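Next up, entry.txt (compact mmCIF, C-alpha atoms and all ligand atoms):
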```
# COMPACT_ATOMS: atom_id res chain seq x y z
CA MET X 62 -56.87 64.80 2.33
CA ASN X 63 -58.78 61.64 3.24
CA VAL X 64 -57.17 59.00 1.07
CA GLU X 65 -59.90 56.49 1.86
CA ASP X 66 -62.50 58.71 0.22
CA PHE X 67 -60.62 58.89 -3.04
CA LEU X 68 -61.29 55.35 -4.34
CA LEU X 69 -64.32 55.05 -2.06
CA LEU X 70 -62.46 52.45 0.01
CA GLU X 71 -64.36 53.78 3.01
CA THR X 72 -67.48 52.07 1.65
CA GLN X 73 -65.71 48.71 1.83
CA LEU X 74 -65.32 48.85 5.60
CA THR X 75 -67.92 47.45 7.97
CA ASP X 76 -69.55 49.69 10.59
CA GLU X 77 -67.51 47.95 13.28
CA GLU X 78 -64.25 48.53 11.38
CA ARG X 79 -65.06 52.22 10.94
CA LEU X 80 -65.93 52.54 14.62
CA ILE X 81 -62.66 50.91 15.73
CA ARG X 82 -60.65 53.09 13.34
CA ASP X 83 -62.35 56.30 14.44
CA THR X 84 -61.94 55.45 18.12
CA VAL X 85 -58.21 54.85 17.72
CA GLN X 86 -57.82 57.94 15.54
CA LYS X 87 -59.36 60.09 18.30
CA TYR X 88 -57.21 58.44 20.95
CA VAL X 89 -54.02 59.10 18.96
CA THR X 90 -54.94 62.72 18.33
CA LYS X 91 -55.85 63.41 21.96
CA GLU X 92 -53.46 61.27 24.00
CA VAL X 93 -50.54 60.26 21.79
CA LEU X 94 -49.52 63.10 19.51
CA PRO X 95 -49.16 65.73 22.27
CA LEU X 96 -46.55 63.50 23.97
CA MET X 97 -44.51 62.35 21.03
CA GLU X 98 -42.13 65.25 20.57
CA SER X 99 -40.87 65.14 24.16
CA SER X 100 -40.93 61.33 24.45
CA TYR X 101 -38.93 60.98 21.26
CA GLU X 102 -36.42 63.57 22.39
CA ALA X 103 -36.10 61.90 25.81
CA GLY X 104 -35.85 58.43 24.21
CA GLU X 105 -38.68 57.07 26.36
CA PHE X 106 -41.71 54.91 25.69
CA PRO X 107 -44.65 56.54 27.52
CA ARG X 108 -45.76 53.74 29.85
CA GLN X 109 -49.29 55.13 30.14
CA PHE X 110 -49.82 53.84 26.58
CA ILE X 111 -49.92 50.30 27.99
CA LYS X 112 -53.02 50.85 30.13
CA GLN X 113 -54.66 53.07 27.52
CA THR X 114 -54.28 50.60 24.65
CA ALA X 115 -55.45 47.76 26.91
CA GLU X 116 -58.54 49.72 27.92
CA LEU X 117 -59.31 50.35 24.26
CA GLY X 118 -59.13 46.58 23.70
CA LEU X 119 -56.19 46.85 21.28
CA LEU X 120 -54.01 44.13 22.85
CA GLY X 121 -54.89 40.79 21.26
CA LEU X 122 -57.63 42.49 19.26
CA THR X 123 -58.36 39.53 16.97
CA LEU X 124 -58.23 36.79 19.63
CA PRO X 125 -61.33 35.05 21.06
CA SER X 126 -63.08 36.88 23.91
CA GLU X 127 -62.51 33.97 26.34
CA TYR X 128 -58.81 34.98 26.30
CA GLY X 129 -59.49 38.70 26.57
CA GLY X 130 -59.55 39.42 22.81
CA ALA X 131 -62.16 41.42 20.90
CA GLU X 132 -62.65 38.87 18.06
CA ALA X 133 -62.17 41.75 15.60
CA SER X 134 -61.38 41.23 11.91
CA SER X 135 -57.87 41.33 10.48
CA VAL X 136 -58.88 44.47 8.61
CA SER X 137 -59.72 46.05 11.99
CA TYR X 138 -56.27 45.09 13.25
CA GLY X 139 -54.73 46.66 10.15
CA LEU X 140 -56.73 49.86 10.64
CA VAL X 141 -55.65 50.00 14.28
CA CYS X 142 -51.98 49.65 13.28
CA ARG X 143 -52.39 52.41 10.71
CA GLU X 144 -53.94 54.82 13.20
CA LEU X 145 -51.42 54.03 15.94
CA GLU X 146 -48.50 54.56 13.57
CA ARG X 147 -50.00 57.86 12.46
CA GLY X 148 -49.03 58.71 16.02
CA ASP X 149 -45.66 56.95 16.23
CA SER X 150 -44.11 53.72 14.93
CA GLY X 151 -42.95 53.00 18.50
CA LEU X 152 -46.51 52.79 19.79
CA ARG X 153 -47.56 50.54 16.91
CA SER X 154 -44.46 48.39 17.56
CA PHE X 155 -45.49 47.96 21.19
CA VAL X 156 -48.97 46.77 20.18
CA SER X 157 -47.63 44.57 17.35
CA VAL X 158 -45.19 42.79 19.63
CA GLN X 159 -47.69 42.27 22.44
CA SER X 160 -50.48 41.08 20.11
CA SER X 161 -48.83 39.35 17.15
CA LEU X 162 -45.50 38.21 18.51
CA CYS X 163 -46.42 37.26 22.08
CA MET X 164 -50.16 36.67 22.50
CA TYR X 165 -50.47 35.00 19.09
CA PRO X 166 -47.80 32.30 19.70
CA ILE X 167 -49.26 31.52 23.13
CA PHE X 168 -52.71 31.24 21.53
CA ARG X 169 -51.51 29.26 18.51
CA PHE X 170 -48.75 27.07 19.97
CA GLY X 171 -49.50 27.16 23.69
CA SER X 172 -51.36 24.66 25.89
CA GLU X 173 -54.81 25.52 27.27
CA GLU X 174 -53.21 26.11 30.70
CA GLN X 175 -50.73 28.56 29.17
CA ARG X 176 -53.54 30.40 27.33
CA GLN X 177 -55.58 30.75 30.51
CA LYS X 178 -52.57 31.76 32.57
CA TYR X 179 -51.16 34.47 30.33
CA LEU X 180 -53.57 35.75 27.67
CA PRO X 181 -56.28 37.52 29.74
CA LYS X 182 -53.58 39.35 31.75
CA MET X 183 -51.75 40.27 28.56
CA ALA X 184 -54.94 41.62 27.01
CA ALA X 185 -55.45 43.72 30.17
CA GLY X 186 -51.90 45.09 29.93
CA GLU X 187 -51.02 43.50 33.29
CA LEU X 188 -48.37 41.29 31.69
CA ILE X 189 -46.15 42.60 28.90
CA GLY X 190 -44.32 40.32 26.50
CA CYS X 191 -41.35 40.49 24.15
CA PHE X 192 -40.24 38.20 21.33
CA GLY X 193 -36.66 36.98 21.14
CA LEU X 194 -35.60 35.59 17.79
CA THR X 195 -32.80 37.88 16.50
CA GLU X 196 -29.30 37.41 17.90
CA PRO X 197 -26.08 39.43 17.60
CA ASP X 198 -24.88 37.03 14.84
CA ALA X 199 -28.24 35.82 13.47
CA GLY X 200 -30.63 38.36 11.94
CA SER X 201 -31.89 37.70 8.42
CA ASP X 202 -30.83 34.07 8.87
CA PRO X 203 -32.45 33.02 12.17
CA SER X 204 -31.64 29.35 11.49
CA SER X 205 -28.04 30.19 12.42
CA MET X 206 -29.07 31.08 15.99
CA ARG X 207 -26.76 30.02 18.81
CA THR X 208 -29.17 30.11 21.74
CA THR X 209 -29.59 26.59 23.08
CA ALA X 210 -32.13 24.81 25.27
CA LYS X 211 -30.72 21.66 26.83
CA LYS X 212 -33.17 19.10 28.22
CA VAL X 213 -32.72 18.53 31.95
CA ASP X 214 -34.89 16.99 34.66
CA GLY X 215 -38.27 18.79 34.70
CA GLY X 216 -37.41 21.36 32.07
CA TYR X 217 -34.70 22.99 29.95
CA ARG X 218 -31.53 25.03 30.54
CA LEU X 219 -31.37 28.03 28.20
CA ASN X 220 -28.10 29.77 27.26
CA GLY X 221 -27.51 32.52 24.72
CA ALA X 222 -28.29 36.13 23.83
CA LYS X 223 -30.97 37.89 21.82
CA MET X 224 -30.47 41.32 20.28
CA TRP X 225 -32.73 44.24 19.26
CA ILE X 226 -35.72 43.03 21.24
CA THR X 227 -38.67 45.45 21.39
CA ASN X 228 -40.19 45.88 24.89
CA ALA X 229 -37.53 43.60 26.45
CA PRO X 230 -36.33 45.98 29.21
CA PHE X 231 -39.77 46.17 30.84
CA ALA X 232 -41.33 42.90 29.67
CA ASP X 233 -42.73 40.47 32.24
CA LEU X 234 -42.15 37.53 29.93
CA ALA X 235 -40.26 36.69 26.75
CA ILE X 236 -41.15 34.27 23.99
CA VAL X 237 -37.66 32.90 23.38
CA TRP X 238 -36.73 30.74 20.42
CA ALA X 239 -33.87 28.32 21.08
CA LYS X 240 -32.23 25.26 19.57
CA THR X 241 -33.05 21.96 21.26
CA GLU X 242 -31.94 18.48 20.23
CA ASP X 243 -35.25 18.28 18.32
CA GLY X 244 -34.87 21.59 16.49
CA ILE X 245 -35.92 25.17 17.26
CA ARG X 246 -38.64 25.46 19.95
CA GLY X 247 -40.41 28.34 21.64
CA PHE X 248 -40.34 28.95 25.41
CA ILE X 249 -42.18 31.32 27.72
CA VAL X 250 -39.43 32.74 29.91
CA GLU X 251 -40.64 34.74 32.89
CA ARG X 252 -38.87 37.84 34.20
CA ASP X 253 -38.05 36.35 37.59
CA PHE X 254 -36.39 33.17 36.29
CA ASP X 255 -32.77 33.08 37.55
CA GLY X 256 -30.18 34.04 34.93
CA PHE X 257 -32.60 36.09 32.77
CA SER X 258 -31.75 39.76 32.17
CA THR X 259 -32.70 42.42 29.59
CA PRO X 260 -30.22 45.33 29.34
CA GLU X 261 -31.58 48.31 27.42
CA ILE X 262 -30.01 49.30 24.09
CA LYS X 263 -29.21 53.01 24.25
CA HIS X 264 -28.15 55.60 21.66
CA LYS X 265 -30.78 54.72 19.05
CA LEU X 266 -31.56 57.49 16.57
CA SER X 267 -34.65 55.65 15.27
CA LEU X 268 -37.72 54.40 17.16
CA ARG X 269 -36.54 56.48 20.09
CA ALA X 270 -39.94 56.30 21.77
CA SER X 271 -39.84 52.49 21.71
CA CYS X 272 -37.95 50.55 24.35
CA THR X 273 -35.42 48.10 22.85
CA GLY X 274 -33.12 45.71 24.66
CA GLU X 275 -31.09 42.54 24.66
CA ILE X 276 -32.12 39.28 26.29
CA VAL X 277 -29.31 37.54 28.13
CA LEU X 278 -29.88 33.91 29.12
CA GLU X 279 -27.34 32.50 31.56
CA ASP X 280 -28.19 28.92 32.43
CA VAL X 281 -31.87 29.83 32.83
CA PHE X 282 -34.01 26.92 34.05
CA VAL X 283 -37.34 26.90 32.19
CA PRO X 284 -39.85 24.28 33.43
CA ASP X 285 -41.46 21.87 30.96
CA ALA X 286 -44.75 23.71 31.56
CA ASN X 287 -43.25 26.77 29.81
CA LEU X 288 -42.31 25.03 26.55
CA LEU X 289 -44.81 25.99 23.81
CA PRO X 290 -46.02 22.47 22.97
CA GLY X 291 -47.23 23.32 19.46
CA SER X 292 -43.92 24.86 18.37
CA GLU X 293 -42.44 21.58 17.21
CA ARG X 294 -42.43 22.68 13.58
CA GLY X 295 -39.06 24.43 13.93
CA LEU X 296 -38.58 27.82 12.35
CA SER X 297 -42.02 27.80 10.76
CA ALA X 298 -43.54 28.57 14.20
CA PRO X 299 -41.68 31.88 14.79
CA LEU X 300 -42.02 32.74 11.10
CA SER X 301 -45.80 32.36 11.32
CA CYS X 302 -45.78 34.87 14.21
CA LEU X 303 -43.77 37.26 12.05
CA THR X 304 -46.34 36.88 9.26
CA GLN X 305 -49.02 38.13 11.69
CA ALA X 306 -46.91 41.10 12.74
CA ARG X 307 -45.79 41.96 9.19
CA PHE X 308 -49.41 42.21 8.12
CA GLY X 309 -49.91 44.96 10.72
CA ILE X 310 -46.64 46.64 9.73
CA ALA X 311 -47.78 46.91 6.10
CA TRP X 312 -50.77 48.94 7.31
CA GLY X 313 -48.89 50.77 10.04
CA ALA X 314 -46.13 52.10 7.78
CA MET X 315 -48.81 53.69 5.63
CA GLY X 316 -50.21 55.45 8.71
CA ALA X 317 -46.84 57.12 9.24
CA ALA X 318 -46.66 57.95 5.51
CA GLU X 319 -50.12 59.51 5.58
CA ALA X 320 -49.23 61.59 8.61
CA CYS X 321 -46.19 62.96 6.72
CA PHE X 322 -48.25 63.51 3.58
CA ASP X 323 -50.99 65.42 5.43
CA ILE X 324 -48.48 67.59 7.28
CA ALA X 325 -46.56 68.36 4.08
CA THR X 326 -49.68 69.11 2.03
CA GLU X 327 -50.97 71.61 4.58
CA TYR X 328 -47.53 73.17 4.90
CA LEU X 329 -47.10 73.54 1.14
CA ILE X 330 -50.51 75.15 0.70
CA ASN X 331 -49.75 77.70 3.41
CA ARG X 332 -46.09 78.48 2.77
CA LYS X 333 -45.35 81.03 0.08
CA GLN X 334 -42.10 81.46 -1.85
CA PHE X 335 -41.68 83.52 -5.02
CA ASN X 336 -45.04 85.14 -4.14
CA LYS X 337 -47.16 82.03 -4.39
CA PRO X 338 -47.93 78.92 -2.33
CA LEU X 339 -45.30 76.19 -2.72
CA ALA X 340 -48.18 73.79 -3.50
CA GLY X 341 -48.81 75.79 -6.68
CA PHE X 342 -45.50 74.82 -8.30
CA GLN X 343 -45.52 71.97 -10.80
CA LEU X 344 -42.49 70.22 -9.34
CA VAL X 345 -44.17 70.20 -5.92
CA GLN X 346 -47.48 68.93 -7.31
CA ALA X 347 -45.62 66.11 -9.06
CA GLU X 348 -44.31 65.00 -5.64
CA LEU X 349 -47.79 65.20 -4.09
CA ALA X 350 -49.38 63.26 -6.96
CA GLU X 351 -46.75 60.54 -6.64
CA MET X 352 -47.19 60.18 -2.88
CA PHE X 353 -50.99 60.30 -3.03
CA SER X 354 -50.97 57.52 -5.64
CA GLU X 355 -48.64 55.28 -3.65
CA ILE X 356 -50.65 55.70 -0.44
CA THR X 357 -53.88 54.89 -2.31
CA LYS X 358 -52.37 51.84 -4.00
CA ALA X 359 -50.99 50.55 -0.70
CA HIS X 360 -54.43 50.86 0.91
CA CYS X 361 -55.94 48.77 -1.89
CA LEU X 362 -53.28 46.09 -1.45
CA ASN X 363 -53.59 46.06 2.35
CA LEU X 364 -57.37 45.95 2.32
CA GLN X 365 -57.52 43.07 -0.15
CA LEU X 366 -54.88 41.21 1.87
CA GLY X 367 -56.91 41.82 5.05
CA ARG X 368 -60.06 40.43 3.48
CA LEU X 369 -58.14 37.35 2.28
CA LYS X 370 -56.63 36.93 5.75
CA ASP X 371 -60.10 36.97 7.27
CA GLN X 372 -61.05 34.19 4.84
CA ASP X 373 -57.87 32.29 5.78
CA LYS X 374 -56.59 32.66 2.22
CA ALA X 375 -53.64 35.03 2.79
CA THR X 376 -50.19 33.48 2.27
CA HIS X 377 -46.91 34.56 3.81
CA VAL X 378 -45.74 35.60 0.32
CA MET X 379 -48.68 37.99 -0.01
CA VAL X 380 -47.77 39.42 3.39
CA SER X 381 -44.15 39.80 2.27
CA MET X 382 -45.32 41.81 -0.73
CA ALA X 383 -47.41 44.12 1.46
CA LYS X 384 -44.69 44.60 4.11
CA ARG X 385 -42.08 45.30 1.46
CA ASN X 386 -44.35 47.64 -0.47
CA GLY X 387 -45.61 49.49 2.61
CA CYS X 388 -42.18 50.06 4.15
CA HIS X 389 -40.50 51.00 0.88
CA HIS X 390 -43.08 53.61 -0.06
CA ALA X 391 -43.63 54.90 3.47
CA LEU X 392 -39.91 55.58 3.91
CA ASP X 393 -39.72 57.17 0.46
CA ILE X 394 -42.75 59.37 1.22
CA ALA X 395 -41.35 60.42 4.61
CA ARG X 396 -38.04 61.40 2.98
CA ARG X 397 -39.84 63.36 0.23
CA CYS X 398 -41.95 65.19 2.83
CA ARG X 399 -38.88 65.95 4.91
CA ASN X 400 -37.40 67.63 1.85
CA LEU X 401 -40.61 69.51 1.03
CA LEU X 402 -40.66 71.08 4.48
CA GLY X 403 -37.24 72.59 3.85
CA GLY X 404 -35.37 73.50 7.03
CA ASN X 405 -38.49 72.94 9.12
CA GLY X 406 -38.39 69.35 7.93
CA ILE X 407 -35.59 68.56 10.36
CA SER X 408 -37.47 69.88 13.40
CA LEU X 409 -39.28 67.47 15.71
CA GLU X 410 -42.01 70.10 15.95
CA TYR X 411 -43.23 69.13 12.48
CA HIS X 412 -43.20 65.34 13.21
CA VAL X 413 -41.98 64.33 9.73
CA ILE X 414 -38.34 63.72 10.69
CA ARG X 415 -39.54 61.57 13.61
CA HIS X 416 -41.61 59.40 11.28
CA MET X 417 -38.77 59.31 8.78
CA THR X 418 -36.16 58.07 11.25
CA ASN X 419 -38.68 55.60 12.75
CA LEU X 420 -39.38 54.14 9.34
CA GLU X 421 -35.69 53.30 8.91
CA SER X 422 -36.19 50.64 11.61
CA VAL X 423 -39.57 49.54 10.30
CA PHE X 424 -37.95 49.03 6.89
CA THR X 425 -35.31 46.79 8.51
CA TYR X 426 -37.15 44.82 11.17
CA GLU X 427 -39.46 41.84 10.63
CA GLY X 428 -37.56 40.92 7.48
CA THR X 429 -35.55 43.54 5.62
CA HIS X 430 -36.53 44.83 2.20
CA ASN X 431 -33.99 42.45 0.62
CA VAL X 432 -35.37 39.46 2.50
CA HIS X 433 -38.91 40.12 1.26
CA THR X 434 -37.56 40.71 -2.25
CA LEU X 435 -35.95 37.26 -2.11
CA THR X 436 -39.19 35.73 -0.81
CA LEU X 437 -41.04 37.17 -3.81
CA GLY X 438 -38.22 36.12 -6.14
CA ARG X 439 -38.41 32.54 -4.89
CA HIS X 440 -42.18 32.55 -5.34
CA ILE X 441 -41.91 33.84 -8.91
CA THR X 442 -39.03 31.62 -10.08
CA GLY X 443 -39.07 28.61 -7.80
CA LEU X 444 -35.36 29.28 -7.24
CA ASN X 445 -33.98 30.05 -3.78
CA ALA X 446 -31.60 33.04 -3.89
CA PHE X 447 -31.26 33.42 -0.10
CA ALA X 448 -28.05 31.45 0.24
P1 LIG K 1 -28.49 41.41 8.71
O1 LIG K 1 -29.28 40.16 8.60
O2 LIG K 1 -27.07 41.32 9.10
O3 LIG K 1 -28.60 42.20 7.33
C1 LIG K 1 -27.77 43.32 7.01
C2 LIG K 1 -28.07 43.71 5.56
O4 LIG K 1 -27.77 42.61 4.68
C3 LIG K 1 -29.54 44.06 5.32
O5 LIG K 1 -29.65 45.12 4.41
C4 LIG K 1 -30.10 42.79 4.70
O6 LIG K 1 -31.22 43.05 3.84
C5 LIG K 1 -28.91 42.31 3.90
N1 LIG K 1 -28.98 40.86 3.66
C6 LIG K 1 -28.99 39.85 4.57
N2 LIG K 1 -29.05 38.65 3.96
C7 LIG K 1 -29.11 38.90 2.63
C8 LIG K 1 -29.21 38.08 1.47
N3 LIG K 1 -29.27 36.73 1.55
N4 LIG K 1 -29.22 38.69 0.24
C9 LIG K 1 -29.17 40.03 0.15
N5 LIG K 1 -29.10 40.87 1.20
C10 LIG K 1 -29.05 40.30 2.43
N6 LIG K 1 -35.89 41.07 16.44
C11 LIG K 1 -36.60 40.24 17.28
O7 LIG K 1 -36.39 39.03 17.29
N7 LIG K 1 -37.55 40.76 18.13
C12 LIG K 1 -37.84 42.09 18.18
O8 LIG K 1 -38.70 42.52 18.97
C13 LIG K 1 -37.09 42.99 17.32
N8 LIG K 1 -37.28 44.34 17.40
C14 LIG K 1 -36.44 45.18 16.69
C15 LIG K 1 -36.50 46.56 16.89
C16 LIG K 1 -35.62 47.42 16.22
C17 LIG K 1 -35.66 48.89 16.50
C18 LIG K 1 -34.71 46.88 15.29
C19 LIG K 1 -33.76 47.78 14.55
C20 LIG K 1 -34.64 45.53 15.08
C21 LIG K 1 -35.50 44.65 15.78
N9 LIG K 1 -35.39 43.26 15.63
C22 LIG K 1 -36.12 42.42 16.45
C23 LIG K 1 -34.35 42.68 14.78
C24 LIG K 1 -34.68 42.75 13.29
O9 LIG K 1 -35.69 41.86 12.96
C25 LIG K 1 -33.35 42.50 12.53
O10 LIG K 1 -32.56 43.68 12.71
C26 LIG K 1 -33.57 42.21 11.06
O11 LIG K 1 -34.16 40.95 10.88
C27 LIG K 1 -32.24 42.27 10.25
O12 LIG K 1 -31.26 41.49 10.87
P2 LIG K 1 -29.81 42.14 11.13
O13 LIG K 1 -29.99 43.43 11.83
O14 LIG K 1 -28.98 41.10 11.82
O15 LIG K 1 -29.24 42.45 9.71
```
Can you dump the structure from the file as structure tokens?
Amino acid sequence: MNVEDFLLLETQLTDEERLIRDTVQKYVTKEVLPLMESSYEAGEFPRQFIKQTAELGLLGLTLPSEYGGAEASSVSYGLVCRELERGDSGLRSFVSVQSSLCMYPIFRFGSEEQRQKYLPKMAAGELIGCFGLTEPDAGSDPSSMRTTAKKVDGGYRLNGAKMWITNAPFADLAIVWAKTEDGIRGFIVERDFDGFSTPEIKHKLSLRASCTGEIVLEDVFVPDANLLPGSERGLSAPLSCLTQARFGIAWGAMGAAEACFDIATEYLINRKQFNKPLAGFQLVQAELAEMFSEITKAHCLNLQLGRLKDQDKATHVMVSMAKRNGCHHALDIARRCRNLLGGNGISLEYHVIRHMTNLESVFTYEGTHNVHTLTLGRHITGLNAFA
């Protein structure tokens, strides 16, 4: 079932947006889906995705061409996230982190030298980044971070630890947020700086095909040239990066939901119990109607948000609403589909359980459901209920 056709949303996309979406959809069907069952089981991120997504121009998609970007619209970026996550949330996470959490801060807060040095290579997939904000004792409240950057001759000494960092074990550089005497600042920490290490986090039962690690900083000397000069606005700098990434997550989560919905619909039409297709039972149709409606509504929200973002009118509160809505409904839809597939629903062969367990992480990272609820609550009431 093509959800875009239902409210004729397809007609609202430009030719370029349709072309980008269709290209990524074909790529995911041909190159990604055949690998996901085994990669997920093995707990490995297929490294060939790096070169492939770079060649498709998906890394830094919205950035100016002089830095290797494709100058595509925000809606295009959203569509790309949706198609990639139809494949696997781990692949979309890789692209989100590289584009929104690493290339974006270098573009937005970096010097011209930093942009020239890193961005074209990152767009080409020759340099991979990770984003270190979360710490073992600072998640939803990043202002309580303990990582410090002490000013020394010619640079800074960084000490601390970051936790749950996507791409960290194989990243060539990390955007690390640390407390200086002047507040929280961002630093580009390169892999070969002494005292920098990124042990992998094992035993995950979610996002298994995404590589997650810690960042350990032991007296790491970071030269002045690697401080992001525009990050002097404290926590608002890393939060603005998260707003970029959350926009893509709102779309991406719906890609995973649609994959589950399509698989379940086909399964229910073909599987017979009590001498008729399961899709012919009223209780089953009620589930399908509910899921179809939520996917359609989320597309409307995401598309409008994308258009506003392209006009520079999207706020972080709007993005919170879309991330919260997308993740909540995507996880709910994946769980419903898992149930509707019966015993087959727990087999990796049918993909739904993989999406379902992935979405548990997507629901939690980049601001949990509760955190986005509180953001909306503060917007509505003017009262801060965070602390
Ligand atoms: P906590 O903040 O301890 O929250 C635990 C629970 O308490 C949650 O349900 C939360 O909603 C709730 N809670 C917290 N505060 C409140 C409150 N005031 N009111 C009500 N409820 C509250 N981080 C990075 O920096 N970079 C990455 O690349 C990255 N990748 C990740 C990849 C994965 C697979 C995962 C799982 C996480 C990743 N994260 C990353 C970290 C992620 O952003 C955090 O896990 C998330 O922000 C939640 O923080 P926490 O885990 O410390 O949970």
Can you list every residue of chain X that has an atom at most 6 Å from ligand LIG 1 (chain K), with its nearest atom pair and the distance in Å to one decimal, using only C-alpha atoms and all ligand atoms, ordered by chain then number, as JSON lines?
```
{"residue": "X:Phe192", "atom": "CA", "partner": "K:LIG1", "partner_atom": "N7", "distance": 4.9}
{"residue": "X:Gly193", "atom": "CA", "partner": "K:LIG1", "partner_atom": "O7", "distance": 4.4}
{"residue": "X:Leu194", "atom": "CA", "partner": "K:LIG1", "partner_atom": "O7", "distance": 3.6}
{"residue": "X:Thr195", "atom": "CA", "partner": "K:LIG1", "partner_atom": "O7", "distance": 3.9}
{"residue": "X:Ala199", "atom": "CA", "partner": "K:LIG1", "partner_atom": "O14", "distance": 5.6}
{"residue": "X:Gly200", "atom": "CA", "partner": "K:LIG1", "partner_atom": "O14", "distance": 3.2}
{"residue": "X:Ser201", "atom": "CA", "partner": "K:LIG1", "partner_atom": "O1", "distance": 3.6}
{"residue": "X:Trp225", "atom": "CA", "partner": "K:LIG1", "partner_atom": "C21", "distance": 4.5}
{"residue": "X:Ile226", "atom": "CA", "partner": "K:LIG1", "partner_atom": "O8", "distance": 3.8}
{"residue": "X:Thr227", "atom": "CA", "partner": "K:LIG1", "partner_atom": "O8", "distance": 3.8}
{"residue": "X:Leu268", "atom": "CA", "partner": "K:LIG1", "partner_atom": "C17", "distance": 5.9}
{"residue": "X:Ser422", "atom": "CA", "partner": "K:LIG1", "partner_atom": "C19", "distance": 4.8}
{"residue": "X:Thr425", "atom": "CA", "partner": "K:LIG1", "partner_atom": "C26", "distance": 5.5}
{"residue": "X:Tyr426", "atom": "CA", "partner": "K:LIG1", "partner_atom": "O9", "distance": 3.8}
{"residue": "X:Glu427", "atom": "CA", "partner": "K:LIG1", "partner_atom": "O9", "distance": 4.4}
{"residue": "X:Gly428", "atom": "CA", "partner": "K:LIG1", "partner_atom": "O11", "distance": 4.8}
{"residue": "X:Thr429", "atom": "CA", "partner": "K:LIG1", "partner_atom": "O6", "distance": 4.7}
{"residue": "X:His430", "atom": "CA", "partner": "K:LIG1", "partner_atom": "O6", "distance": 5.8}
{"residue": "X:Asn431", "atom": "CA", "partner": "K:LIG1", "partner_atom": "O6", "distance": 4.3}
{"residue": "X:Val432", "atom": "CA", "partner": "K:LIG1", "partner_atom": "O6", "distance": 5.6}
{"residue": "X:Phe447", "atom": "CA", "partner": "K:LIG1", "partner_atom": "N3", "distance": 4.2}
{"residue": "X:Ala448", "atom": "CA", "partner": "K:LIG1", "partner_atom": "N3", "distance": 5.6}
```
Write out the residues from the selection above, keeping C-alpha atoms, as a short mmCIF file (atom, residue, chain, number, x, y, z; two decimals), in the frame of the given file.
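Saved as out-v9.cif:
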```cif
data_model
loop_
_atom_site.label_atom_id
_atom_site.label_comp_id
_atom_site.auth_asym_id
_atom_site.auth_seq_id
_atom_site.Cartn_x
_atom_site.Cartn_y
_atom_site.Cartn_z
CA PHE X 192 -40.24 38.20 21.33
CA GLY X 193 -36.66 36.98 21.14
CA LEU X 194 -35.60 35.59 17.79
CA THR X 195 -32.80 37.88 16.50
CA ALA X 199 -28.24 35.82 13.47
CA GLY X 200 -30.63 38.36 11.94
CA SER X 201 -31.89 37.70 8.42
CA TRP X 225 -32.73 44.24 19.26
CA ILE X 226 -35.72 43.03 21.24
CA THR X 227 -38.67 45.45 21.39
CA LEU X 268 -37.72 54.40 17.16
CA SER X 422 -36.19 50.64 11.61
CA THR X 425 -35.31 46.79 8.51
CA TYR X 426 -37.15 44.82 11.17
CA GLU X 427 -39.46 41.84 10.63
CA GLY X 428 -37.56 40.92 7.48
CA THR X 429 -35.55 43.54 5.62
CA HIS X 430 -36.53 44.83 2.20
CA ASN X 431 -33.99 42.45 0.62
CA VAL X 432 -35.37 39.46 2.50
CA PHE X 447 -31.26 33.42 -0.10
CA ALA X 448 -28.05 31.45 0.24
#
```
Separation of atom CA of X:Tyr138 from atom CA of X:Gly316 in Å
12.8 Å
Looking at only C-alpha atoms, which of X:Glu293, X:Asp373, X:Asp233, X:Glu196 is the one that sits closest to X:Glu275?
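Result for the nearest residue to X:Glu275: X:Glu196.
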May I have the residues within 7 Å of stretch 324-331 of chain X as a PyMOL selection string, using all atoms listed in the file and disregarding those fewer than 3 positions away in the same chain?
chain X and resi 320-321+338-340+398+401-402
Can you write just those residues out, C-alpha atoms, as an mmCIF file, in the coordinates of the input?
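Now in selection19.cif:
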```cif
data_model
loop_
_atom_site.group_PDB
_atom_site.id
_atom_site.type_symbol
_atom_site.label_atom_id
_atom_site.label_comp_id
_atom_site.auth_asym_id
_atom_site.auth_seq_id
_atom_site.Cartn_x
_atom_site.Cartn_y
_atom_site.Cartn_z
ATOM 1 C CA ALA X 320 -49.230 61.590 8.610
ATOM 2 C CA CYS X 321 -46.190 62.960 6.720
ATOM 3 C CA PRO X 338 -47.930 78.920 -2.330
ATOM 4 C CA LEU X 339 -45.300 76.190 -2.720
ATOM 5 C CA ALA X 340 -48.180 73.790 -3.500
ATOM 6 C CA CYS X 398 -41.950 65.190 2.830
ATOM 7 C CA LEU X 401 -40.610 69.510 1.030
ATOM 8 C CA LEU X 402 -40.660 71.080 4.480
#
```
My list of candidates is X:Ala446, X:Ala383, X:Val277, X:Ala317. Which is closest to X:Gly367 when distances are computed with all atoms listed in the file?
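Counting all atoms listed in the file, the residue closest to X:Gly367 is X:Ala383.
The gap separating atom CA of X:Ile262 from atom CA of X:Gly186 is 23.0 Å, in Å to one decimal.
Atom CA of X:Leu120 is positioned 7.5 Å from atom CA of X:Ala185.
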Using only C-alpha atoms: which of X:Asp255, X:Glu127, X:Asp149, X:Glu132 has the shortest distance to X:Val89
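Ranking X:Asp255, X:Glu127, X:Asp149, X:Glu132 by distance to X:Val89, first place goes to X:Asp149.
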For each of X:Leu124, X:Ile414, X:Ile276, X:Leu420, take the minimum atom-to-atom distance to X:Ser161, counting only C-alpha atoms, then give the residue where this is smallest.
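The shortest atom-to-atom distance to X:Ser161 comes from X:Leu124.
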Around (-47.2, 53.8, 19.0), as given in the file, which residues come within 9 Å? Count all atoms listed in the file and list them as a PyMOL selection string.
chain X and resi 89+93+106+110+142+144-156+270-271
